[in-house]
There are 2 protein chains.
Amino acid sequence: MPVRITADDVAKAAGVSRAMVSRAFTPGASVSAKKREHVLAVAQTLGYRPNLIARGLTGQRTGLIAVVVGEISRPYEAWLLEHLAQALSAHGYQPLLLPMFKDASLTEILDHALAYQVDGAIVAAGSVSREVADRCRASGAPLVLIGRVLEKSETDAVCCDNSKGMHLLVDRLVRQGRRRIAWLGGTLDTFSDQERQLGVEQALAHHELALTAQLRGDFSLHSGVEEGGRLLDAGLALDGIMCANDAMALGVVEAAAQRGIKVPDEVAITGFDDVPGAAWGRCPLTTVRNPVRETALAALRLLDARLQTPGRATQVVRVGVTLIERASA
Amino acid sequence: MPVRITADDVAKAAGVSRAMVSRAFTPGASVSAKKREHVLAVAQTLGYRPNLIARGLTGQRTGLIAVVVGEISRPYEAWLLEHLAQALSAHGYQPLLLPMFKDASLTEILDHALAYQVDGAIVAAGSVSREVADRCRASGAPLVLIGRVLEKSETDAVCCDNSKGMHLLVDRLVRQGRRRIAWLGGTLDTFSDQERQLGVEQALAHHELALTAQLRGDFSLHSGVEEGGRLLDAGLALDGIMCANDAMALGVVEAAAQRGIKVPDEVAITGFDDVPGAAWGRCPLTTVRNPVRETALAALRLLDARLQTPGRATQVVRVGVTLIERASA
DNA sequence: CTGAAAGCGCTTACAG
DNA sequence: CTGAAAGCGCTTACAG
């Protein structure tokens, strides 16, 4: 059996009390510089590190932050997770990864995380109910939402300006003379899907236009190929297909290519997010940049602020988007 | 301040001892079914869940498994992480995500995780030294490697058959009459890069051929575009470019398209991994399937086995690969 | 600045 | 089957 070196061992070896060892490892504790140095040196040679689990028990912070994301193999989620993990590590937090699989219950997932005494949670998947938010608050673990906003719930959130993004894209298409535009939505009951579709409709209405058709995929490239194909085969003489995210747009590009339909000459295709792959391949995507890094940093800032001052006012950060003009529209 | 409900609260409310509460939550503990039911019911209404942090302190398992991966935004890593996270959750483990950023030290990263009393670690990034392996063993946290093998180190590992994969690809190219083949390698000092390049060289030698040229990227699509472009511009009359992974191969496809070079007519391009995106885009990739799901499951199996019987013999699992024939070669 | 003591929330022998 | 007690490794008032 491996021997765990404890603060007691270090205390004995250094000829001090156990409390001293603890203080040596606590920045800002009152210890003489000399003693701290000595204790730290002894700890070093013994290979001692404070047991963070034990520390968490004394009511201290554990440093654990629950991170709930959707399917990691999707470009946007992977990209966001990377920035989130990086930002958390950089701030001394440790991400406890909670992947949401189909039909998983956010409540159960978060409950489990709460049992680990996470200091807080960042949720970028699933639909968050008031109930879930309340439960987290009750446990003293602040919740920060990404890509979804829970109205009147006093829950901090950061979300990109979906409506603005869609207006930028619609304006471009209309300026190109496109009038017969279809919408390929994402998974039903998804916050971003709803905001984006609403944005498209409002932007079109602004030009006294309406959607010619609409279909729904599941945000995956594959569903883009399938549903995009259906839209193209419907004989609607579409001149534009707007998608709820890049992955589906890339799928529609594929579907068009399979049918020998020229993009953007015959039909324009737009995405959303500007994931790394959007710039490459058959037809670089005209899309809207969803600033992932900025989003991750904002989420962390909100979490930190809430941890520092639990009573502060709820804040919803809307990060800005940019139109990215490429070949597909 | 939020009130934490403890086992004591439940004990009082249920009229039993604290030990009873603990037993009620311990499968297989000796409690009368009646009592357990009662305690569980009371716990339920009070909203009690055992504090896993406290449980971890008593020497129990924490259920935490450190998962070290490289850049998550890369398709293969994301894909692997997804399967890993899924497998771990399904087995009641909780992944503690430890992303390896450039020039991070695996030792430090794992040390930090060890301070959280992780039950074990799965490492799929960085180069693992004997030192790191020993340190983990000393802490009683078994280490399982993915995609790398540490010779004579008594470290369990699961890795795909890189050599076999490369032989499959080389044989195909040679059968197509290709003779002037270049190699685009990945990041230096990477286990899979080394095994794959060695595999290519041996397979070529088998046909009494040798590499016409070689260059090195960093496994990213971008580096594939850059270095692939260089290879194509070198005036070497190449008829095949083999890449250490799919992302770079996709980049080379791009570079060829930019130059109006026909794939596979003028030059064949091969990848490795068969990531989700390999089947789509400008030119579907001929590649080798790296069975990610099987890999994740095998890693978990090794971890479980080691946790059960610490003394068992070291095991290195080589998962099989399959040739995936598509348009690019 | 430093040490002895109490306590964080749980589990596990030890008696019964 | 059940309870009282000790202990996991740490931190934090409390004295000095």
# chains A, B, ... in the order shown; residues from 1 in each chain; ligands from 1
>>> interface_residues(of="chain C", to="chain A", cutoff="12 Å", atoms="only C-alpha atoms (C1' of nucleotides)", output="list in words")
DC1, DT2, DG3, DA4, DA5, DA6, DG7, DC8, DG9 and DC10 of chain C
>>> write_last_selection(atoms="N, CA, C and O atoms (P, O5', C5', C4', C3', O3' and C1' of nucleotides)", output="JSON list (two decimals), in the first residue's frame")
[["chain", "number", "residue", "atom", "x", "y", "z"],
["C", 1, "DC", "P", 3.95, 37.71, 11.93],
["C", 1, "DC", "O5'", 4.44, 36.46, 12.79],
["C", 1, "DC", "C5'", 5.79, 36.05, 12.74],
["C", 1, "DC", "C4'", 6.01, 35.14, 13.90],
["C", 1, "DC", "C3'", 5.67, 33.67, 13.60],
["C", 1, "DC", "O3'", 6.67, 32.84, 14.23],
["C", 1, "DC", "C1'", 4.35, 34.44, 15.41],
["C", 2, "DT", "P", 6.83, 31.35, 13.81],
["C", 2, "DT", "O5'", 5.90, 30.60, 14.84],
["C", 2, "DT", "C5'", 6.43, 30.26, 16.13],
["C", 2, "DT", "C4'", 5.35, 29.62, 16.97],
["C", 2, "DT", "C3'", 4.79, 28.32, 16.43],
["C", 2, "DT", "O3'", 5.28, 27.26, 17.25],
["C", 2, "DT", "C1'", 3.08, 29.70, 17.35],
["C", 3, "DG", "P", 5.03, 25.74, 16.83],
["C", 3, "DG", "O5'", 3.93, 25.31, 17.89],
["C", 3, "DG", "C5'", 4.20, 25.48, 19.28],
["C", 3, "DG", "C4'", 2.98, 25.12, 20.09],
["C", 3, "DG", "C3'", 2.37, 23.76, 19.77],
["C", 3, "DG", "O3'", 1.95, 23.17, 20.99],
["C", 3, "DG", "C1'", 0.73, 25.43, 19.46],
["C", 4, "DA", "P", 1.54, 21.63, 21.06],
["C", 4, "DA", "O5'", 0.11, 21.71, 21.77],
["C", 4, "DA", "C5'", -0.15, 22.72, 22.75],
["C", 4, "DA", "C4'", -1.59, 22.63, 23.18],
["C", 4, "DA", "C3'", -2.23, 21.25, 23.08],
["C", 4, "DA", "O3'", -3.29, 21.16, 24.02],
["C", 4, "DA", "C1'", -3.20, 22.64, 21.45],
["C", 5, "DA", "P", -4.34, 19.94, 23.97],
["C", 5, "DA", "O5'", -5.56, 20.57, 23.15],
["C", 5, "DA", "C5'", -6.13, 21.80, 23.61],
["C", 5, "DA", "C4'", -7.45, 22.06, 22.88],
["C", 5, "DA", "C3'", -8.33, 20.81, 22.71],
["C", 5, "DA", "O3'", -9.68, 21.20, 22.84],
["C", 5, "DA", "C1'", -7.83, 21.72, 20.59],
["C", 6, "DA", "P", -10.84, 20.07, 22.89],
["C", 6, "DA", "O5'", -11.83, 20.63, 21.79],
["C", 6, "DA", "C5'", -11.96, 22.06, 21.63],
["C", 6, "DA", "C4'", -12.60, 22.33, 20.28],
["C", 6, "DA", "C3'", -13.66, 21.29, 19.88],
["C", 6, "DA", "O3'", -14.76, 21.97, 19.30],
["C", 6, "DA", "C1'", -12.02, 21.41, 18.21],
["C", 7, "DG", "P", -16.09, 21.14, 18.96],
["C", 7, "DG", "O5'", -16.04, 21.15, 17.38],
["C", 7, "DG", "C5'", -15.78, 22.39, 16.70],
["C", 7, "DG", "C4'", -15.62, 22.09, 15.23],
["C", 7, "DG", "C3'", -16.59, 21.00, 14.73],
["C", 7, "DG", "O3'", -17.16, 21.42, 13.51],
["C", 7, "DG", "C1'", -14.38, 20.44, 14.17],
["C", 8, "DC", "P", -18.52, 20.74, 12.98],
["C", 8, "DC", "O5'", -18.26, 20.64, 11.43],
["C", 8, "DC", "C5'", -17.78, 21.75, 10.66],
["C", 8, "DC", "C4'", -17.14, 21.18, 9.42],
["C", 8, "DC", "C3'", -17.86, 19.94, 8.92],
["C", 8, "DC", "O3'", -18.79, 20.33, 7.90],
["C", 8, "DC", "C1'", -15.47, 19.65, 8.92],
["C", 9, "DG", "P", -20.32, 19.90, 8.06],
["C", 9, "DG", "O5'", -20.31, 18.42, 7.48],
["C", 9, "DG", "C5'", -19.90, 18.20, 6.14],
["C", 9, "DG", "C4'", -19.72, 16.71, 5.93],
["C", 9, "DG", "C3'", -20.91, 15.86, 6.36],
["C", 9, "DG", "O3'", -21.28, 15.03, 5.28],
["C", 9, "DG", "C1'", -18.91, 15.03, 7.30],
["C", 10, "DC", "P", -22.36, 13.89, 5.40],
["C", 10, "DC", "O5'", -21.43, 12.62, 5.66],
["C", 10, "DC", "C5'", -20.95, 11.91, 4.56],
["C", 10, "DC", "C4'", -19.69, 11.16, 4.90],
["C", 10, "DC", "C3'", -19.93, 9.71, 5.29],
["C", 10, "DC", "O3'", -19.79, 8.91, 4.13],
["C", 10, "DC", "C1'", -18.26, 10.76, 6.65]]
>>> interface_residues(of="chain A", to="chain B", cutoff="6 Å", atoms="only C-alpha atoms", output="ChimeraX atom specification")
/A:2,51-53,72-73,78-79,82,95-97,115-116,138-140,281-282
>>> residues_around(residues="Val42 in chain A", least_positions_apart="6", cutoff="9 Å", atoms="only C-alpha atoms (C1' of nucleotides)", output="number ranges by chain")
A: 10-11, 13-14, 48
>>> select_by_dssp(residues="range 28-219 of chain A", states="helix (DSSP H, G or I)", output="number ranges by chain")
A: 33-46, 52-57, 75-90, 106-114, 130-139, 162-175, 191-206
>>> atom_distance(atom1="CA of Leu323 in chain A", atom2="CA of Val288 in chain A")
4.6 Å
>>> residues_around(residues="range 234-237 of chain A", least_positions_apart="3", cutoff="8 Å", atoms="only C-alpha atoms (C1' of nucleotides)", output="list in words")
Arg180, Thr212, Arg230 and Leu231 of chain A
>>> write_last_selection(atoms="all heavy atoms", output="PDB file, in the first residue's frame")
ATOM      1  N   ARG A 180     -35.895  34.176 -51.807  1.00  0.00           N
ATOM      2  CA  ARG A 180     -36.520  32.895 -51.438  1.00  0.00           C
ATOM      3  C   ARG A 180     -35.576  32.145 -50.497  1.00  0.00           C
ATOM      4  O   ARG A 180     -34.792  31.312 -50.902  1.00  0.00           O
ATOM      5  CB  ARG A 180     -36.817  32.086 -52.696  1.00  0.00           C
ATOM      6  CG  ARG A 180     -37.755  32.876 -53.652  1.00  0.00           C
ATOM      7  CD  ARG A 180     -38.219  32.037 -54.799  1.00  0.00           C
ATOM      8  NE  ARG A 180     -38.896  30.808 -54.382  1.00  0.00           N
ATOM      9  CZ  ARG A 180     -40.151  30.742 -53.966  1.00  0.00           C
ATOM     10  NH1 ARG A 180     -40.888  31.843 -53.894  1.00  0.00           N
ATOM     11  NH2 ARG A 180     -40.679  29.596 -53.602  1.00  0.00           N
ATOM     12  N   THR A 212     -39.350  31.194 -46.879  1.00  0.00           N
ATOM     13  CA  THR A 212     -40.005  30.410 -47.918  1.00  0.00           C
ATOM     14  C   THR A 212     -40.262  28.982 -47.437  1.00  0.00           C
ATOM     15  O   THR A 212     -41.221  28.340 -47.835  1.00  0.00           O
ATOM     16  CB  THR A 212     -39.117  30.378 -49.178  1.00  0.00           C
ATOM     17  OG1 THR A 212     -38.939  31.709 -49.636  1.00  0.00           O
ATOM     18  CG2 THR A 212     -39.753  29.528 -50.275  1.00  0.00           C
ATOM     19  N   ARG A 230     -33.190  17.725 -48.535  1.00  0.00           N
ATOM     20  CA  ARG A 230     -34.648  17.831 -48.684  1.00  0.00           C
ATOM     21  C   ARG A 230     -35.083  19.206 -49.153  1.00  0.00           C
ATOM     22  O   ARG A 230     -35.945  19.342 -50.030  1.00  0.00           O
ATOM     23  CB  ARG A 230     -35.336  17.589 -47.340  1.00  0.00           C
ATOM     24  CG  ARG A 230     -35.449  16.138 -47.098  1.00  0.00           C
ATOM     25  CD  ARG A 230     -36.468  15.840 -46.039  1.00  0.00           C
ATOM     26  NE  ARG A 230     -36.061  14.559 -45.492  1.00  0.00           N
ATOM     27  CZ  ARG A 230     -36.470  14.040 -44.382  1.00  0.00           C
ATOM     28  NH1 ARG A 230     -37.351  14.714 -43.649  1.00  0.00           N
ATOM     29  NH2 ARG A 230     -36.053  12.892 -43.998  1.00  0.00           N
ATOM     30  N   LEU A 231     -34.474  20.203 -48.549  1.00  0.00           N
ATOM     31  CA  LEU A 231     -34.834  21.565 -48.953  1.00  0.00           C
ATOM     32  C   LEU A 231     -34.508  21.779 -50.430  1.00  0.00           C
ATOM     33  O   LEU A 231     -35.304  22.349 -51.184  1.00  0.00           O
ATOM     34  CB  LEU A 231     -34.075  22.591 -48.097  1.00  0.00           C
ATOM     35  CG  LEU A 231     -34.585  22.797 -46.676  1.00  0.00           C
ATOM     36  CD1 LEU A 231     -33.628  23.681 -45.880  1.00  0.00           C
ATOM     37  CD2 LEU A 231     -35.988  23.426 -46.699  1.00  0.00           C
TER      38      LEU A 231
END
>>> closest_residue(among="A:Ile261, A:Leu204, A:Leu110, A:Ile324", to="Arg289 in chain A", atoms="only C-alpha atoms")
A:Ile324
>>> residues_around(residues="range 267-271 of chain A", least_positions_apart="2", cutoff="8 Å", atoms="only C-alpha atoms (C1' of nucleotides)", output="ChimeraX atom specification")
/A:169,173,238-250,252-253,261-265,273-274,285-288,328-329
>>> residues_around(residues="range 300-307 of chain A", least_positions_apart="2", cutoff="10 Å", atoms="only C-alpha atoms (C1' of nucleotides)", output="NGL selection string")
:A and (65 or 84 or 87-88 or 91 or 93 or 119-122 or 140-145 or 156-158 or 294-298 or 309-317)
>>> write_last_selection(atoms="N, CA and C atoms", output="mmCIF file, in the first residue's frame")
data_model
loop_
_atom_site.group_PDB
_atom_site.id
_atom_site.type_symbol
_atom_site.label_atom_id
_atom_site.label_comp_id
_atom_site.auth_asym_id
_atom_site.auth_seq_id
_atom_site.Cartn_x
_atom_site.Cartn_y
_atom_site.Cartn_z
ATOM 1 N N ILE A 65 -14.946 23.053 -10.232
ATOM 2 C CA ILE A 65 -16.053 23.713 -10.920
ATOM 3 C C ILE A 65 -16.677 22.710 -11.885
ATOM 4 N N LEU A 84 -12.774 27.035 -22.034
ATOM 5 C CA LEU A 84 -13.268 27.001 -20.659
ATOM 6 C C LEU A 84 -12.253 26.324 -19.755
ATOM 7 N N ALA A 87 -9.236 28.552 -19.287
ATOM 8 C CA ALA A 87 -9.503 29.688 -18.409
ATOM 9 C C ALA A 87 -9.619 29.234 -16.952
ATOM 10 N N LEU A 88 -10.286 28.134 -16.724
ATOM 11 C CA LEU A 88 -10.449 27.642 -15.361
ATOM 12 C C LEU A 88 -9.096 27.275 -14.749
ATOM 13 N N HIS A 91 -7.030 30.070 -13.665
ATOM 14 C CA HIS A 91 -7.469 30.748 -12.446
ATOM 15 C C HIS A 91 -7.429 29.828 -11.230
ATOM 16 N N TYR A 93 -8.766 26.888 -10.887
ATOM 17 C CA TYR A 93 -9.908 25.993 -10.703
ATOM 18 C C TYR A 93 -9.650 24.686 -11.429
ATOM 19 N N ASP A 119 -17.420 24.277 -6.222
ATOM 20 C CA ASP A 119 -17.581 25.674 -5.823
ATOM 21 C C ASP A 119 -18.609 26.383 -6.688
ATOM 22 N N GLY A 120 -18.823 25.852 -7.875
ATOM 23 C CA GLY A 120 -19.762 26.491 -8.786
ATOM 24 C C GLY A 120 -19.946 25.631 -10.010
ATOM 25 N N ALA A 121 -20.811 26.075 -10.915
ATOM 26 C CA ALA A 121 -21.054 25.284 -12.116
ATOM 27 C C ALA A 121 -21.222 26.195 -13.320
ATOM 28 N N ILE A 122 -20.673 25.742 -14.443
ATOM 29 C CA ILE A 122 -20.856 26.459 -15.694
ATOM 30 C C ILE A 122 -21.635 25.518 -16.600
ATOM 31 N N GLY A 140 -25.204 26.799 -2.407
ATOM 32 C CA GLY A 140 -24.122 27.766 -2.326
ATOM 33 C C GLY A 140 -23.170 27.687 -3.496
ATOM 34 N N ALA A 141 -23.551 26.945 -4.536
ATOM 35 C CA ALA A 141 -22.693 26.841 -5.710
ATOM 36 C C ALA A 141 -23.293 27.687 -6.823
ATOM 37 N N PRO A 142 -22.688 28.840 -7.100
ATOM 38 C CA PRO A 142 -23.242 29.697 -8.135
ATOM 39 C C PRO A 142 -23.237 29.020 -9.498
ATOM 40 N N LEU A 143 -24.242 29.380 -10.274
ATOM 41 C CA LEU A 143 -24.432 28.807 -11.589
ATOM 42 C C LEU A 143 -24.201 29.910 -12.611
ATOM 43 N N VAL A 144 -23.461 29.582 -13.664
ATOM 44 C CA VAL A 144 -23.308 30.527 -14.763
ATOM 45 C C VAL A 144 -23.705 29.803 -16.036
ATOM 46 N N LEU A 145 -24.591 30.410 -16.781
ATOM 47 C CA LEU A 145 -25.071 29.805 -18.016
ATOM 48 C C LEU A 145 -24.289 30.326 -19.210
ATOM 49 N N ASP A 156 -26.793 34.282 -13.519
ATOM 50 C CA ASP A 156 -25.817 34.934 -14.391
ATOM 51 C C ASP A 156 -25.693 34.144 -15.681
ATOM 52 N N ALA A 157 -25.469 34.846 -16.766
ATOM 53 C CA ALA A 157 -25.356 34.150 -18.045
ATOM 54 C C ALA A 157 -24.534 34.949 -19.030
ATOM 55 N N VAL A 158 -23.938 34.227 -19.978
ATOM 56 C CA VAL A 158 -23.267 34.906 -21.077
ATOM 57 C C VAL A 158 -23.707 34.229 -22.365
ATOM 58 N N GLU A 294 -13.875 34.871 -25.715
ATOM 59 C CA GLU A 294 -14.474 35.958 -24.939
ATOM 60 C C GLU A 294 -15.604 35.414 -24.052
ATOM 61 N N THR A 295 -16.348 34.485 -24.611
ATOM 62 C CA THR A 295 -17.449 33.880 -23.871
ATOM 63 C C THR A 295 -16.940 33.134 -22.642
ATOM 64 N N ALA A 296 -15.913 32.329 -22.849
ATOM 65 C CA ALA A 296 -15.359 31.552 -21.738
ATOM 66 C C ALA A 296 -14.827 32.489 -20.649
ATOM 67 N N LEU A 297 -14.118 33.516 -21.075
ATOM 68 C CA LEU A 297 -13.557 34.440 -20.101
ATOM 69 C C LEU A 297 -14.647 35.177 -19.342
ATOM 70 N N ALA A 298 -15.691 35.574 -20.067
ATOM 71 C CA ALA A 298 -16.789 36.288 -19.411
ATOM 72 C C ALA A 298 -17.468 35.386 -18.382
ATOM 73 N N THR A 309 -18.703 38.100 -4.208
ATOM 74 C CA THR A 309 -19.823 38.820 -3.603
ATOM 75 C C THR A 309 -21.132 38.152 -3.980
ATOM 76 N N PRO A 310 -21.529 37.181 -3.178
ATOM 77 C CA PRO A 310 -22.731 36.399 -3.473
ATOM 78 C C PRO A 310 -23.970 37.273 -3.667
ATOM 79 N N GLY A 311 -23.973 38.437 -3.057
ATOM 80 C CA GLY A 311 -25.183 39.245 -3.120
ATOM 81 C C GLY A 311 -25.293 40.162 -4.325
ATOM 82 N N ARG A 312 -24.299 40.177 -5.167
ATOM 83 C CA ARG A 312 -24.301 41.125 -6.284
ATOM 84 C C ARG A 312 -25.454 40.893 -7.258
ATOM 85 N N ALA A 313 -25.762 41.924 -8.009
ATOM 86 C CA ALA A 313 -26.880 41.848 -8.950
ATOM 87 C C ALA A 313 -26.595 40.846 -10.067
ATOM 88 N N THR A 314 -27.648 40.185 -10.499
ATOM 89 C CA THR A 314 -27.514 39.227 -11.594
ATOM 90 C C THR A 314 -27.038 39.953 -12.842
ATOM 91 N N GLN A 315 -26.207 39.269 -13.609
ATOM 92 C CA GLN A 315 -25.685 39.931 -14.794
ATOM 93 C C GLN A 315 -25.781 39.004 -16.005
ATOM 94 N N VAL A 316 -26.297 39.546 -17.090
ATOM 95 C CA VAL A 316 -26.331 38.772 -18.330
ATOM 96 C C VAL A 316 -25.447 39.496 -19.326
ATOM 97 N N VAL A 317 -24.384 38.821 -19.733
ATOM 98 C CA VAL A 317 -23.436 39.437 -20.668
ATOM 99 C C VAL A 317 -23.778 38.994 -22.087
#
>>> atom_distance(atom1="CA of Gln214 in chain A", atom2="CA of Gly228 in chain A")
10.2 Å
>>> atom_distance(atom1="CA of Ser223 in chain B", atom2="CA of Phe272 in chain B")
15.3 Å
>>> select_by_dssp(residues="range 88-238 of chain A", states="strand (DSSP E or B)", output="NGL selection string")
:A and (94-99 or 120-123 or 143-146 or 156-160 or 181-185 or 213-216)
>>> residues_around(residues="Val319 in chain B", least_positions_apart="3", cutoff="7 Å", atoms="only C-alpha atoms (C1' of nucleotides)", output="ChimeraX atom specification")
/B:159-161,295
